[in-house]
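Notes to accompany the following structure.
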Amino acid sequence: MLIAIVKTLFSIYTLMLLIKVLSSWFPQYRNSQFLRFISQFTDPYLNFFRKFIPPIGGTIDLSPLVAFIALQIVETFLLRIL
C-alpha cells in the first residue's frame with residue numbers, strides 16, 4: 001500500500017514538472033491560474049538545480065533534465081527501502 005502511494009506521488013510530481021517544462025514553450029499561458037498553481041510546487045525544486053546549472057548559451061536550461069533524473073533516483077531509493 002505504501003509503495004503504491006509513493007509511486008503515485010512521484011508520478012504526480014513528475015507530471016507537474018513535465019507540464020511546467022512544456023509550458024515554457026507557450027508563454028502566453030504563463031499567467032494562467034493552473035500554471036501558477038503548478039509553478040508554486042515545481043519552481044522551488046527547479047530553482048535548486050538552477051543555482052548549480054547555468055543555461056547553455058543563456059537560453060537552454062538543462063536544470064529540468066537533471067531535476068527529472070534526481071527525482072527518479074530518489075524514487076528508486078525510497079522504493080528499495082520500502
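We label chains A, B, ... in the order they appear in the C-alpha cells, count residues from 1 in each chain, and number ligands from 1 in the order shown.
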| message | When DSSP is applied to the backbone of this structure, which of chain A are assigned helix (DSSP H, G or I)? Write them out as a ChimeraX atom specification. | response | /A:2-23,27-29,33-50,63-81
Can I get the selected residues back with C-alpha atoms, as an mmCIF file, in the first residue's frame?
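So out.cif came out as:
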data_model
loop_
_atom_site.group_PDB
_atom_site.id
_atom_site.type_symbol
_atom_site.label_atom_id
_atom_site.label_comp_id
_atom_site.auth_asym_id
_atom_site.auth_seq_id
_atom_site.Cartn_x
_atom_site.Cartn_y
_atom_site.Cartn_z
ATOM 1 C CA LEU A 2 2.759 2.459 0.975
ATOM 2 C CA ILE A 3 4.712 1.622 -2.189
ATOM 3 C CA ALA A 4 1.677 2.454 -4.323
ATOM 4 C CA ILE A 5 1.260 5.795 -2.558
ATOM 5 C CA VAL A 6 4.934 6.695 -3.066
ATOM 6 C CA LYS A 7 4.769 5.736 -6.746
ATOM 7 C CA THR A 8 1.608 7.785 -7.225
ATOM 8 C CA LEU A 9 3.049 10.862 -5.515
ATOM 9 C CA PHE A 10 6.225 10.711 -7.577
ATOM 10 C CA SER A 11 4.199 10.216 -10.752
ATOM 11 C CA ILE A 12 2.050 13.247 -9.971
ATOM 12 C CA TYR A 13 5.082 15.403 -9.247
ATOM 13 C CA THR A 14 6.843 14.196 -12.402
ATOM 14 C CA LEU A 15 3.755 15.112 -14.403
ATOM 15 C CA MET A 16 3.689 18.535 -12.770
ATOM 16 C CA LEU A 17 7.344 19.054 -13.729
ATOM 17 C CA LEU A 18 6.627 17.981 -17.283
ATOM 18 C CA ILE A 19 3.722 20.433 -17.512
ATOM 19 C CA LYS A 20 5.962 23.187 -16.155
ATOM 20 C CA VAL A 21 8.701 22.458 -18.701
ATOM 21 C CA LEU A 22 6.301 22.200 -21.645
ATOM 22 C CA SER A 23 4.526 25.370 -20.591
ATOM 23 C CA PRO A 27 4.491 31.866 -22.682
ATOM 24 C CA GLN A 28 1.021 33.267 -23.390
ATOM 25 C CA TYR A 29 -0.384 30.820 -20.798
ATOM 26 C CA GLN A 33 -4.218 30.093 -12.698
ATOM 27 C CA PHE A 34 -3.414 26.446 -13.458
ATOM 28 C CA LEU A 35 0.222 27.153 -14.377
ATOM 29 C CA ARG A 36 0.680 29.421 -11.375
ATOM 30 C CA PHE A 37 -0.548 26.521 -9.225
ATOM 31 C CA ILE A 38 1.924 24.142 -10.905
ATOM 32 C CA SER A 39 4.757 26.684 -10.585
ATOM 33 C CA GLN A 40 4.085 27.073 -6.893
ATOM 34 C CA PHE A 41 5.122 23.447 -6.362
ATOM 35 C CA THR A 42 7.750 22.984 -9.059
ATOM 36 C CA ASP A 43 9.704 26.259 -9.052
ATOM 37 C CA PRO A 44 11.411 25.748 -5.662
ATOM 38 C CA TYR A 45 12.632 22.311 -6.777
ATOM 39 C CA LEU A 46 13.782 23.543 -10.194
ATOM 40 C CA ASN A 47 15.404 26.656 -8.703
ATOM 41 C CA PHE A 48 17.582 24.425 -6.539
ATOM 42 C CA PHE A 49 19.117 22.925 -9.684
ATOM 43 C CA ARG A 50 19.251 26.268 -11.492
ATOM 44 C CA SER A 63 18.190 22.031 -14.939
ATOM 45 C CA PRO A 64 14.819 20.312 -15.569
ATOM 46 C CA LEU A 65 16.639 17.337 -17.089
ATOM 47 C CA VAL A 66 18.832 17.000 -14.013
ATOM 48 C CA ALA A 67 15.774 17.527 -11.802
ATOM 49 C CA PHE A 68 13.935 14.656 -13.527
ATOM 50 C CA ILE A 69 16.942 12.370 -13.106
ATOM 51 C CA ALA A 70 17.340 13.302 -9.432
ATOM 52 C CA LEU A 71 13.641 12.709 -8.813
ATOM 53 C CA GLN A 72 13.889 9.267 -10.421
ATOM 54 C CA ILE A 73 16.935 8.379 -8.307
ATOM 55 C CA VAL A 74 15.191 9.436 -5.091
ATOM 56 C CA GLU A 75 12.068 7.488 -6.029
ATOM 57 C CA THR A 76 14.085 4.348 -6.776
ATOM 58 C CA PHE A 77 15.983 4.714 -3.497
ATOM 59 C CA LEU A 78 12.772 5.125 -1.475
ATOM 60 C CA LEU A 79 11.088 2.190 -3.155
ATOM 61 C CA ARG A 80 14.076 -0.053 -2.409
ATOM 62 C CA ILE A 81 13.923 0.948 1.237
#
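Between atom CA of A:Pro54 and atom CA of A:Arg30 there is a distance of 21.8 Å.
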